[in-house]
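Engineer: As input, take coords_25.txt (compact mmCIF, C-alpha atoms):
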# COMPACT_ATOMS: atom_id res chain seq x y z
CA MET T 1 0.00 0.00 0.00
CA ALA T 2 1.35 3.39 -0.99
CA LEU T 3 2.25 5.83 1.76
CA SER T 4 0.10 8.89 2.29
CA VAL T 5 1.35 12.35 1.48
CA LYS T 6 1.73 13.08 5.20
CA GLU T 7 3.82 9.95 5.78
CA GLN T 8 6.01 10.65 2.75
CA THR T 9 6.57 14.23 3.91
CA THR T 10 7.54 12.96 7.34
CA TYR T 11 10.06 10.45 5.96
CA TRP T 12 11.68 12.92 3.56
CA GLY T 13 11.76 15.62 6.25
CA LEU T 14 13.44 13.29 8.74
CA THR T 15 15.99 12.27 6.09
CA THR T 16 16.85 15.90 5.40
CA LEU T 17 17.21 16.66 9.11
CA ALA T 18 19.43 13.60 9.55
CA ILE T 19 21.75 14.77 6.74
CA LEU T 20 21.97 18.27 8.22
CA ALA T 21 22.66 16.80 11.66
CA VAL T 22 25.51 14.70 10.26
CA LEU T 23 27.02 17.76 8.59
CA TRP T 24 26.70 19.72 11.82
CA ALA T 25 28.19 16.96 13.98
CA LEU T 26 31.05 15.88 11.75
CA GLY T 27 31.92 19.29 10.33
CA ASP T 28 35.47 19.40 9.00
CA VAL T 29 35.97 15.69 9.61
CA ILE T 30 34.16 14.91 6.36
CA LEU T 31 35.98 17.65 4.44
CA PRO T 32 38.38 15.23 2.63
CA PHE T 33 35.43 13.11 1.52
CA VAL T 34 33.43 16.11 0.28
CA ILE T 35 36.46 17.36 -1.66
CA GLY T 36 37.09 13.87 -3.05
CA ALA T 37 33.47 13.55 -4.17
CA ALA T 38 33.61 17.00 -5.81
CA ILE T 39 36.80 16.05 -7.69
CA ALA T 40 35.26 12.78 -8.86
CA TYR T 41 32.11 14.55 -10.03
CA PHE T 42 34.19 17.13 -11.88
CA LEU T 43 36.29 14.48 -13.66
CA ASP T 44 33.53 11.94 -14.42
CA PRO T 45 32.74 13.37 -17.92
CA ILE T 46 36.42 13.01 -18.88
CA ALA T 47 36.39 9.38 -17.76
CA ASP T 48 33.16 8.76 -19.70
CA ARG T 49 34.71 10.23 -22.84
CA LEU T 50 37.81 8.06 -22.48
CA GLU T 51 35.51 5.04 -22.10
CA ARG T 52 33.75 5.99 -25.34
CA TRP T 53 37.17 5.99 -26.99
CA GLY T 54 37.58 2.33 -26.06
CA LEU T 55 39.36 2.43 -22.70
CA SER T 56 38.13 0.56 -19.66
CA ARG T 57 36.95 2.51 -16.64
CA ALA T 58 40.03 1.45 -14.69
CA ALA T 59 42.37 2.57 -17.48
CA ALA T 60 40.55 5.90 -17.86
CA THR T 61 40.75 6.51 -14.11
CA ALA T 62 44.45 5.62 -14.06
CA ILE T 63 45.22 8.03 -16.92
CA ILE T 64 43.28 10.87 -15.28
CA THR T 65 45.02 10.21 -11.95
CA LEU T 66 48.45 10.23 -13.58
CA MET T 67 47.75 13.51 -15.38
CA ALA T 68 46.45 15.05 -12.14
CA ILE T 69 49.61 13.99 -10.27
CA LEU T 70 51.82 15.49 -12.99
CA ALA T 71 49.85 18.75 -12.97
CA PHE T 72 50.02 18.95 -9.17
CA ALA T 73 53.76 18.28 -9.16
CA LEU T 74 54.28 20.94 -11.86
CA MET T 75 52.30 23.45 -9.81
CA ILE T 76 54.31 22.66 -6.68
CA LEU T 77 57.63 23.03 -8.50
CA LEU T 78 56.95 26.03 -10.72
CA ILE T 79 54.06 28.09 -9.35
CA LEU T 80 53.80 27.61 -5.59
CA PRO T 81 57.25 28.99 -4.65
CA THR T 82 56.65 32.19 -6.65
CA LEU T 83 53.15 32.53 -5.20
CA ILE T 84 54.43 32.22 -1.63
CA GLU T 85 57.29 34.61 -2.33
CA GLN T 86 54.99 37.28 -3.78
CA THR T 87 52.45 36.86 -0.96
CA VAL T 88 55.14 37.38 1.69
CA ALA T 89 56.55 40.33 -0.26
CA LEU T 90 53.08 41.89 -0.47
CA PHE T 91 52.72 41.76 3.32
CA ASN T 92 56.20 43.22 3.77
CA ALA T 93 55.49 46.02 1.30
CA ALA T 94 52.18 46.95 2.94
CA PRO T 95 53.67 49.69 5.21
CA GLU T 96 55.31 51.40 2.24
CA LEU T 97 52.08 51.20 0.23
CA PHE T 98 50.08 52.78 3.02
CA ALA T 99 52.75 55.45 3.52
CA ASP T 100 52.53 56.30 -0.18
CA LEU T 101 48.74 56.51 0.09
CA ARG T 102 49.03 58.84 3.09
CA ASN T 103 51.53 61.08 1.30
CA PHE T 104 49.33 61.19 -1.78
CA LEU T 105 46.30 62.25 0.26
CA VAL T 106 48.31 64.82 2.18
CA LEU T 107 49.69 66.26 -1.06
CA HIS T 108 46.45 66.47 -3.00
CA PHE T 109 43.91 67.03 -0.22
CA PRO T 110 45.67 69.16 2.40
CA GLN T 111 42.44 70.78 3.54
CA ILE T 112 40.98 67.38 4.39
CA LEU T 113 44.05 65.50 5.54
CA ASP T 114 47.13 66.92 7.20
CA GLU T 115 50.10 65.26 8.83
CA ASN T 116 48.70 65.58 12.34
CA SER T 117 45.16 64.50 11.60
CA THR T 118 43.61 61.35 12.96
CA ILE T 119 43.14 59.86 9.49
CA SER T 120 46.79 60.42 8.60
CA GLN T 121 47.95 58.75 11.77
CA SER T 122 45.50 55.90 11.18
CA LEU T 123 46.86 55.30 7.68
CA ALA T 124 50.38 55.27 9.06
CA SER T 125 49.47 52.75 11.72
CA ILE T 126 47.56 50.46 9.35
CA GLY T 127 50.65 49.62 7.33
CA ASP T 128 52.70 48.90 10.44
CA ALA T 129 49.88 46.79 11.85
CA VAL T 130 49.62 44.74 8.64
CA LYS T 131 53.34 44.07 8.70
CA ALA T 132 53.43 43.37 12.42
CA HIS T 133 50.33 41.23 12.56
CA GLY T 134 50.03 39.97 9.01
CA GLY T 135 52.38 37.09 9.68
CA GLU T 136 50.60 36.46 12.96
CA VAL T 137 47.26 36.31 11.17
CA ILE T 138 48.61 33.87 8.62
CA SER T 139 50.23 31.81 11.36
CA THR T 140 46.99 31.73 13.34
CA ALA T 141 45.00 30.73 10.27
CA VAL T 142 47.45 27.98 9.44
CA SER T 143 47.59 26.70 13.02
CA THR T 144 43.80 26.72 13.18
CA ALA T 145 43.62 24.79 9.93
CA PHE T 146 46.14 22.32 11.28
CA SER T 147 44.11 21.88 14.45
CA LEU T 148 40.84 21.35 12.60
CA ILE T 149 42.10 19.46 9.60
CA ASN T 150 45.01 17.12 9.44
CA VAL T 151 46.59 18.47 6.27
CA VAL T 152 48.35 15.22 5.58
CA VAL T 153 45.04 13.38 5.80
CA LEU T 154 43.43 16.00 3.57
CA LEU T 155 46.12 15.70 0.90
CA VAL T 156 46.17 11.91 1.06
CA VAL T 157 42.55 10.96 1.71
CA SER T 158 40.93 13.35 -0.78
CA PRO T 159 42.81 11.99 -3.85
CA VAL T 160 42.20 8.41 -2.69
CA VAL T 161 38.49 9.07 -2.21
CA ALA T 162 38.35 10.82 -5.60
CA PHE T 163 40.12 7.87 -7.27
CA TYR T 164 37.76 5.21 -5.93
CA LEU T 165 34.63 7.30 -6.46
CA LEU T 166 35.69 8.05 -10.02
CA LEU T 167 36.39 4.36 -10.60
CA ASP T 168 33.00 3.26 -9.25
CA TRP T 169 30.94 6.32 -10.19
CA ASP T 170 28.65 4.65 -12.73
CA ARG T 171 28.10 1.58 -10.54
CA MET T 172 27.40 3.82 -7.55
CA ILE T 173 24.80 5.82 -9.49
CA ALA T 174 23.17 2.59 -10.71
CA ARG T 175 23.06 1.29 -7.13
CA ILE T 176 21.42 4.48 -5.86
CA ASP T 177 18.90 4.29 -8.71
CA SER T 178 17.96 0.76 -7.70
CA LEU T 179 17.13 1.99 -4.17
CA LEU T 180 14.69 4.70 -5.29
CA PRO T 181 11.05 4.22 -4.25
CA ARG T 182 9.36 2.70 -7.28
CA ASP T 183 6.32 4.98 -7.24
CA HIS T 184 8.47 8.11 -7.40
CA ALA T 185 11.51 6.83 -9.31
CA PRO T 186 10.63 8.51 -12.66
CA VAL T 187 10.06 11.91 -11.03
CA ILE T 188 13.21 11.61 -8.88
CA ARG T 189 15.27 10.63 -11.95
CA ARG T 190 13.95 13.63 -13.87
CA LEU T 191 14.69 16.02 -11.02
CA ALA T 192 18.12 14.47 -10.49
CA SER T 193 18.85 14.89 -14.19
CA GLU T 194 17.88 18.57 -14.04
CA ILE T 195 20.03 19.10 -10.93
CA ASP T 196 22.96 17.38 -12.62
CA ALA T 197 22.53 19.53 -15.72
CA THR T 198 22.50 22.67 -13.55
CA LEU T 199 25.58 21.58 -11.62
CA ALA T 200 27.40 20.47 -14.75
CA SER T 201 26.76 23.82 -16.39
CA PHE T 202 27.68 25.88 -13.37
CA LEU T 203 30.20 23.92 -11.29
CA ARG T 204 32.28 22.41 -14.08
CA GLY T 205 31.76 25.36 -16.40
CA GLN T 206 32.39 28.07 -13.82
CA GLY T 207 35.37 26.15 -12.43
CA THR T 208 36.91 26.10 -15.90
CA VAL T 209 36.18 29.83 -16.29
CA CYS T 210 37.92 30.54 -12.96
CA LEU T 211 40.97 28.52 -14.00
CA LEU T 212 41.28 30.14 -17.43
CA LEU T 213 40.74 33.68 -16.11
CA GLY T 214 43.19 33.13 -13.25
CA ILE T 215 45.85 31.99 -15.70
CA TYR T 216 45.10 34.89 -18.04
CA TYR T 217 45.23 37.55 -15.31
CA ALA T 218 48.37 36.13 -13.69
CA VAL T 219 50.31 35.77 -16.94
CA ALA T 220 49.16 39.10 -18.40
CA LEU T 221 49.88 41.06 -15.22
CA MET T 222 53.33 39.49 -14.84
CA ILE T 223 54.14 40.29 -18.48
CA ALA T 224 52.96 43.87 -17.87
CA GLY T 225 55.47 44.05 -15.04
CA LEU T 226 53.04 44.48 -12.14
CA GLN T 227 54.49 43.49 -8.80
CA PHE T 228 52.54 40.69 -7.14
CA GLY T 229 50.83 39.98 -10.48
CA LEU T 230 50.70 36.24 -9.78
CA VAL T 231 48.99 36.80 -6.42
CA VAL T 232 46.45 39.18 -7.95
CA GLY T 233 45.72 36.74 -10.78
CA VAL T 234 45.17 33.84 -8.40
CA ILE T 235 42.88 35.93 -6.18
CA ALA T 236 40.87 37.26 -9.13
CA GLY T 237 40.54 33.81 -10.70
CA ALA T 238 39.46 32.14 -7.45
CA LEU T 239 36.90 34.83 -6.60
CA THR T 240 35.40 34.72 -10.09
CA PHE T 241 33.40 31.76 -8.77
CA ILE T 242 31.34 34.29 -6.76
CA PRO T 243 29.41 36.52 -9.20
CA TYR T 244 30.98 39.95 -9.74
CA VAL T 245 33.29 39.62 -6.72
CA GLY T 246 36.32 38.37 -8.65
CA ALA T 247 36.27 41.23 -11.14
CA LEU T 248 35.69 43.89 -8.48
CA VAL T 249 38.29 42.67 -5.97
CA GLY T 250 40.90 41.67 -8.55
CA GLY T 251 40.49 44.81 -10.61
CA ALA T 252 40.59 47.13 -7.60
CA LEU T 253 43.65 45.35 -6.19
CA ALA T 254 45.52 45.33 -9.52
CA ILE T 255 44.76 48.97 -10.38
CA GLY T 256 45.58 50.06 -6.82
CA LEU T 257 48.96 48.32 -6.93
CA ALA T 258 49.59 49.78 -10.40
CA LEU T 259 48.90 53.29 -9.09
CA PHE T 260 51.46 52.83 -6.32
CA GLN T 261 54.02 51.25 -8.63
CA TRP T 262 53.66 53.56 -11.65
CA TRP T 263 52.08 56.79 -10.37
CA GLY T 264 52.19 59.25 -13.26
CA ASP T 265 52.93 56.52 -15.83
CA TRP T 266 49.40 56.32 -17.14
CA VAL T 267 50.36 53.97 -19.98
CA HIS T 268 51.29 51.13 -17.61
CA ILE T 269 48.28 51.85 -15.41
CA GLY T 270 46.06 51.82 -18.48
CA ILE T 271 47.55 48.49 -19.56
CA VAL T 272 46.61 46.94 -16.20
CA ALA T 273 43.10 48.36 -16.44
CA ALA T 274 42.84 47.09 -20.03
CA ILE T 275 43.88 43.59 -18.92
CA PHE T 276 40.94 43.39 -16.53
CA ALA T 277 38.55 45.05 -18.96
CA SER T 278 39.50 42.58 -21.70
CA GLY T 279 39.24 39.73 -19.18
CA GLN T 280 35.68 40.73 -18.37
CA MET T 281 34.82 40.99 -22.07
CA ILE T 282 36.27 37.53 -22.70
CA GLU T 283 34.40 36.10 -19.71
CA GLY T 284 31.06 37.69 -20.57
CA ASN T 285 31.11 37.11 -24.33
CA VAL T 286 33.12 33.90 -24.78
CA LEU T 287 33.88 31.85 -21.68
CA THR T 288 30.64 32.04 -19.72
CA PRO T 289 28.28 31.55 -22.71
CA LYS T 290 30.36 28.63 -24.02
CA LEU T 291 31.27 26.87 -20.77
CA VAL T 292 28.50 27.81 -18.35
CA GLY T 293 25.52 28.60 -20.55
CA SER T 294 22.73 31.11 -20.18
CA SER T 295 20.07 28.89 -18.60
CA VAL T 296 21.84 27.52 -15.54
CA GLY T 297 19.03 28.60 -13.24
CA LEU T 298 21.25 29.85 -10.40
CA HIS T 299 20.59 33.53 -9.83
CA PRO T 300 23.66 35.39 -8.48
CA VAL T 301 21.74 36.66 -5.44
CA TRP T 302 20.50 33.15 -4.62
CA LEU T 303 24.04 31.80 -4.98
CA LEU T 304 25.49 34.50 -2.71
CA PHE T 305 22.83 33.78 -0.11
CA ALA T 306 23.51 30.03 -0.24
CA LEU T 307 27.26 30.54 0.16
CA SER T 308 26.75 32.91 3.10
CA ALA T 309 24.12 30.80 4.86
CA PHE T 310 25.82 27.42 4.51
CA GLY T 311 29.23 28.90 5.24
CA THR T 312 27.89 30.35 8.49
CA LEU T 313 26.10 27.15 9.50
CA PHE T 314 28.61 24.49 8.47
CA GLY T 315 31.90 26.32 7.90
CA PHE T 316 34.09 25.52 4.92
CA VAL T 317 32.24 22.26 4.26
CA GLY T 318 29.03 24.26 4.05
CA MET T 319 30.54 26.53 1.39
CA LEU T 320 31.54 23.46 -0.63
CA ILE T 321 28.02 22.01 -0.57
CA ALA T 322 26.29 25.38 -0.99
CA VAL T 323 26.27 25.28 -4.79
CA PRO T 324 24.86 21.72 -5.10
CA VAL T 325 22.23 22.49 -2.48
CA ALA T 326 21.33 25.78 -4.17
CA ALA T 327 21.00 23.98 -7.50
CA ALA T 328 18.85 21.24 -5.98
CA LEU T 329 16.58 23.72 -4.19
CA GLY T 330 16.24 25.76 -7.38
CA VAL T 331 15.15 22.69 -9.37
CA LEU T 332 12.77 21.59 -6.61
CA ALA T 333 11.30 25.09 -6.40
CA ARG T 334 10.63 25.14 -10.15
CA PHE T 335 9.06 21.66 -9.89
CA VAL T 336 6.78 22.73 -7.01
CA ILE T 337 5.73 25.88 -8.90
CA ALA T 338 4.95 23.83 -12.02
CA GLU T 339 2.87 21.38 -9.96
CA TYR T 340 1.09 24.27 -8.26
CA LYS T 341 0.19 25.90 -11.57
CA ASP T 342 -1.12 22.57 -12.83
CA GLY T 343 -3.25 22.03 -9.74
CA ARG T 344 -6.74 23.02 -8.69
CA LEU T 345 -5.53 25.54 -6.12
CA TYR T 346 -4.05 27.71 -8.90
CA LYS T 347 -6.61 27.10 -11.65
CA GLY T 348 -9.61 27.47 -9.35
CA GLN T 349 -13.26 26.64 -9.88
CA ALA T 350 -13.40 28.14 -13.39
CA GLU T 351 -11.05 25.45 -14.65
CA LYS T 352 -13.17 22.76 -13.03
CA ASP T 353 -16.34 24.15 -14.65
CA ALA T 354 -14.62 24.28 -18.03
CA GLU T 355 -13.82 20.59 -17.75
Before we go any further, please render this structure as structure tokens.
Structural biologist:
Amino acid sequence: MALSVKEQTTYWGLTTLAILAVLWALGDVILPFVIGAAIAYFLDPIADRLERWGLSRAAATAIITLMAILAFALMILLILPTLIEQTVALFNAAPELFADLRNFLVLHFPQILDENSTISQSLASIGDAVKAHGGEVISTAVSTAFSLINVVVLLVVSPVVAFYLLLDWDRMIARIDSLLPRDHAPVIRRLASEIDATLASFLRGQGTVCLLLGIYYAVALMIAGLQFGLVVGVIAGALTFIPYVGALVGGALAIGLALFQWWGDWVHIGIVAAIFASGQMIEGNVLTPKLVGSSVGLHPVWLLFALSAFGTLFGFVGMLIAVPVAAALGVLARFVIAEYKDGRLYKGQAEKDAE
């Protein structure tokens, strides 16, 4: 006998609460497994394509793993040392940058800001505070990360989890499908397919956009001669995942550093501004339409809310699951609205009389 609507709502509600309780209780403990699952999901289409080319699933997984190891080793050897060096140099140069800003304001706005004013003294102290406490902040963040997450476990467990999930992905999906309630299996499959399409368009597509833009900004800014260009490119590329934030933060940081480095040399400053302007044109007209698509269904405001809410509730793990949850809730909301518009509550008595 089929369950009533009330009973079904109770079961699904209890399941949702149980999942949220597990996330709340385990927190960062499950971080390596969430990251591993995300990596496997991201790489599954590549493995499927290799299978269509005639390789077995095991061989496809082995090739992808080998390429990932080579890419990671290349990043460690070539990129990471420069990134760390520029990050440390940026913290060390902060007092000089703030001193230049103070002198600029004093020179051009003497009626607002003089040497003895509170704002001038505040600007002078900010740079010293960044230098004095910047390393302390980084050290505290790192020590906190070490206390919450065993970095060795994170670096070892996540790739292992990703490898086995990627190897068994199709079998795992088939097994989950076999456990679906038979009465609702077709609807659940359709909703799952829509959620997967949304995630594939946004997560994989936007991730690729972030990677390509980060590389473009870093390389272009370093060629232009901007100090800390690699750091700015990495920050701008990573923040591109959050709508509008990457362009605003990266552009403001790059142009601000260019003003300090080349004040009066408007050609170099214009080149830096042109790099970010061209990057936004490429993203808006080429990368995002091609890789993400125009009908993802994730409104920027809804995405920002999901990231903020889940980050506050569940920490870093919550931020990782925010996008899948936002996509799922968006699909479910559209499904509920469609059912509502097809029902008697929306159509009313006139529809019944017409029938």
Engineer: Between T:Leu179, T:Leu166, T:Ala18, T:Ile282, which has the minimum distance to Tyr216 of chain T (counting only C-alpha atoms)?
Structural biologist: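 Using only C-alpha atoms, Tyr216 of chain T sits closest to T:Ile282.
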Engineer: Neighbouring residues of Asp177 of chain T were defined as those with any atom within 12 Å, considering all atoms listed in the file; residues of the same chain fewer than 4 positions away were excluded. Please report them as a CSV table (one decimal) with C-alpha atoms, in the coordinates of the input.
Structural biologist:
chain,number,residue,atom,x,y,z
T,170,ASP,CA,28.6,4.6,-12.7
T,171,ARG,CA,28.1,1.6,-10.5
T,172,MET,CA,27.4,3.8,-7.6
T,173,ILE,CA,24.8,5.8,-9.5
T,181,PRO,CA,11.0,4.2,-4.2
T,182,ARG,CA,9.4,2.7,-7.3
T,184,HIS,CA,8.5,8.1,-7.4
T,185,ALA,CA,11.5,6.8,-9.3
T,186,PRO,CA,10.6,8.5,-12.7
T,187,VAL,CA,10.1,11.9,-11.0
T,188,ILE,CA,13.2,11.6,-8.9
T,189,ARG,CA,15.3,10.6,-12.0
T,190,ARG,CA,14.0,13.6,-13.9
T,192,ALA,CA,18.1,14.5,-10.5
T,193,SER,CA,18.8,14.9,-14.2
Engineer: Using only C-alpha atoms, which of the listed residues (T:Leu303, T:Val245, T:Ile63, T:Thr16) sits closest to Ile46 of chain T?
Structural biologist: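 Distance minimum relative to Ile46 of chain T lands on T:Ile63.
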Engineer: Tell me, in Å to one decimal, how far atom CA of Leu253 of chain T is from atom CA of Phe305 of chain T.
Structural biologist: 24.6 Å
Engineer: What does the distance from atom CA of Arg334 of chain T to atom CA of Thr9 of chain T come to in Å, to one decimal?
Structural biologist: 18.3 Å
Engineer: For Leu212 of chain T, list every protein, DNA or RNA residue within 9 Å, evaluated using all atoms listed in the file, and leave out those in the same chain fewer than 4 positions away; present the list as a PyMOL selection string.
Structural biologist: chain T and resi 207-208+216-217+237+287
Engineer: Might you pull out every residue within 9 Å of Ala59 of chain T, with only C-alpha atoms counted and same-chain residues fewer than 5 positions away left off, and present them as a ChimeraX atom specification?
Structural biologist: /T:50-51,64
Engineer: Could you write out that same residue set with C-alpha atoms as a PDB file, in the frame of the given file?
Structural biologist:
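Output saved as selection39.pdb:
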ATOM      1  CA  LEU T  50      37.810   8.060 -22.480  1.00  0.00           C
ATOM      2  CA  GLU T  51      35.510   5.040 -22.100  1.00  0.00           C
ATOM      3  CA  ILE T  64      43.280  10.870 -15.280  1.00  0.00           C
TER       4      ILE T  64
END
Engineer: So, counting all atoms listed in the file, which residue among T:Leu291, T:Ala238, T:Ala62, T:Ala220 is closest to Ala273 of chain T?
Structural biologist: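 Smallest distance to Ala273 of chain T is found for T:Ala220.
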Engineer: Between T:Trp24, T:Phe202, T:Phe33, T:Trp169, which is the closest to Phe241 of chain T once you count all atoms listed in the file?
Structural biologist: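 Of the candidates, the smallest distance to Phe241 of chain T is held by T:Phe202.
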Engineer: Which residue gives the smallest distance to Pro324 of chain T among T:Val286, T:Ile242, T:Ala197, T:Leu230, with only C-alpha atoms counted?
Structural biologist: T:Ala197
Engineer: Between T:Leu345, T:Val331, T:Ala252, T:Val22, which is the closest to Ile195 of chain T once you count all atoms listed in the file?
Structural biologist: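 Smallest distance to Ile195 of chain T is found for T:Val331.
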Engineer: For the point (35.0, 19.8, -9.9) in file coordinates, what residues are within 12 Å, counting all atoms listed in the file? Give the answer as number ranges by chain?
Structural biologist: T: 34-46, 162, 166, 199-211, 320-321, 323-324
Engineer: So the first atom is atom CA of Ala224 of chain T and the second is atom CA of Leu239 of chain T; what is the distance between them in Å, to one decimal place?
Structural biologist: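 These two atoms are separated by 21.6 Å.
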Engineer: Generate the coordinates of all heavy atoms for segment 225-233 of chain T; report them as an mmCIF file, keeping the file's coordinate frame.
Structural biologist:
data_model
loop_
_atom_site.group_PDB
_atom_site.id
_atom_site.type_symbol
_atom_site.label_atom_id
_atom_site.label_comp_id
_atom_site.auth_asym_id
_atom_site.auth_seq_id
_atom_site.Cartn_x
_atom_site.Cartn_y
_atom_site.Cartn_z
ATOM 1 N N GLY T 225 54.490 43.597 -16.007
ATOM 2 C CA GLY T 225 55.470 44.050 -15.040
ATOM 3 C C GLY T 225 54.918 44.439 -13.690
ATOM 4 O O GLY T 225 55.630 45.012 -12.861
ATOM 5 N N LEU T 226 53.642 44.114 -13.412
ATOM 6 C CA LEU T 226 53.040 44.480 -12.140
ATOM 7 C C LEU T 226 53.610 43.596 -11.026
ATOM 8 O O LEU T 226 53.644 42.363 -11.136
ATOM 9 C CB LEU T 226 51.521 44.298 -12.196
ATOM 10 C CG LEU T 226 50.755 44.655 -10.919
ATOM 11 C CD1 LEU T 226 50.804 46.163 -10.683
ATOM 12 C CD2 LEU T 226 49.310 44.169 -10.992
ATOM 13 N N GLN T 227 54.058 44.256 -9.962
ATOM 14 C CA GLN T 227 54.490 43.490 -8.800
ATOM 15 C C GLN T 227 53.296 42.740 -8.204
ATOM 16 O O GLN T 227 52.181 43.234 -8.191
ATOM 17 C CB GLN T 227 55.071 44.438 -7.732
ATOM 18 C CG GLN T 227 56.368 45.112 -8.145
ATOM 19 C CD GLN T 227 56.871 46.077 -7.076
ATOM 20 O OE1 GLN T 227 56.142 46.415 -6.155
ATOM 21 N NE2 GLN T 227 58.105 46.527 -7.224
ATOM 22 N N PHE T 228 53.570 41.536 -7.732
ATOM 23 C CA PHE T 228 52.540 40.690 -7.140
ATOM 24 C C PHE T 228 51.463 40.319 -8.156
ATOM 25 O O PHE T 228 50.322 40.027 -7.790
ATOM 26 C CB PHE T 228 51.896 41.371 -5.927
ATOM 27 C CG PHE T 228 52.859 42.110 -5.041
ATOM 28 C CD1 PHE T 228 52.766 43.480 -4.877
ATOM 29 C CD2 PHE T 228 53.883 41.432 -4.394
ATOM 30 C CE1 PHE T 228 53.652 44.160 -4.070
ATOM 31 C CE2 PHE T 228 54.775 42.112 -3.579
ATOM 32 C CZ PHE T 228 54.673 43.471 -3.422
ATOM 33 N N GLY T 229 51.811 40.311 -9.444
ATOM 34 C CA GLY T 229 50.830 39.980 -10.480
ATOM 35 C C GLY T 229 50.293 38.569 -10.343
ATOM 36 O O GLY T 229 49.113 38.317 -10.591
ATOM 37 N N LEU T 230 51.148 37.626 -9.939
ATOM 38 C CA LEU T 230 50.700 36.240 -9.780
ATOM 39 C C LEU T 230 49.673 36.142 -8.659
ATOM 40 O O LEU T 230 48.643 35.460 -8.809
ATOM 41 C CB LEU T 230 51.898 35.337 -9.502
ATOM 42 C CG LEU T 230 51.585 33.849 -9.286
ATOM 43 C CD1 LEU T 230 50.907 33.259 -10.507
ATOM 44 C CD2 LEU T 230 52.856 33.074 -8.943
ATOM 45 N N VAL T 231 49.929 36.827 -7.551
ATOM 46 C CA VAL T 231 48.990 36.800 -6.420
ATOM 47 C C VAL T 231 47.646 37.395 -6.826
ATOM 48 O O VAL T 231 46.579 36.829 -6.544
ATOM 49 C CB VAL T 231 49.575 37.558 -5.212
ATOM 50 C CG1 VAL T 231 48.565 37.607 -4.065
ATOM 51 C CG2 VAL T 231 50.868 36.913 -4.743
ATOM 52 N N VAL T 232 47.691 38.530 -7.513
ATOM 53 C CA VAL T 232 46.450 39.180 -7.950
ATOM 54 C C VAL T 232 45.683 38.284 -8.917
ATOM 55 O O VAL T 232 44.448 38.156 -8.822
ATOM 56 C CB VAL T 232 46.760 40.536 -8.607
ATOM 57 C CG1 VAL T 232 45.490 41.166 -9.170
ATOM 58 C CG2 VAL T 232 47.407 41.483 -7.606
ATOM 59 N N GLY T 233 46.383 37.632 -9.842
ATOM 60 C CA GLY T 233 45.720 36.740 -10.780
ATOM 61 C C GLY T 233 45.057 35.564 -10.111
ATOM 62 O O GLY T 233 43.925 35.190 -10.449
#
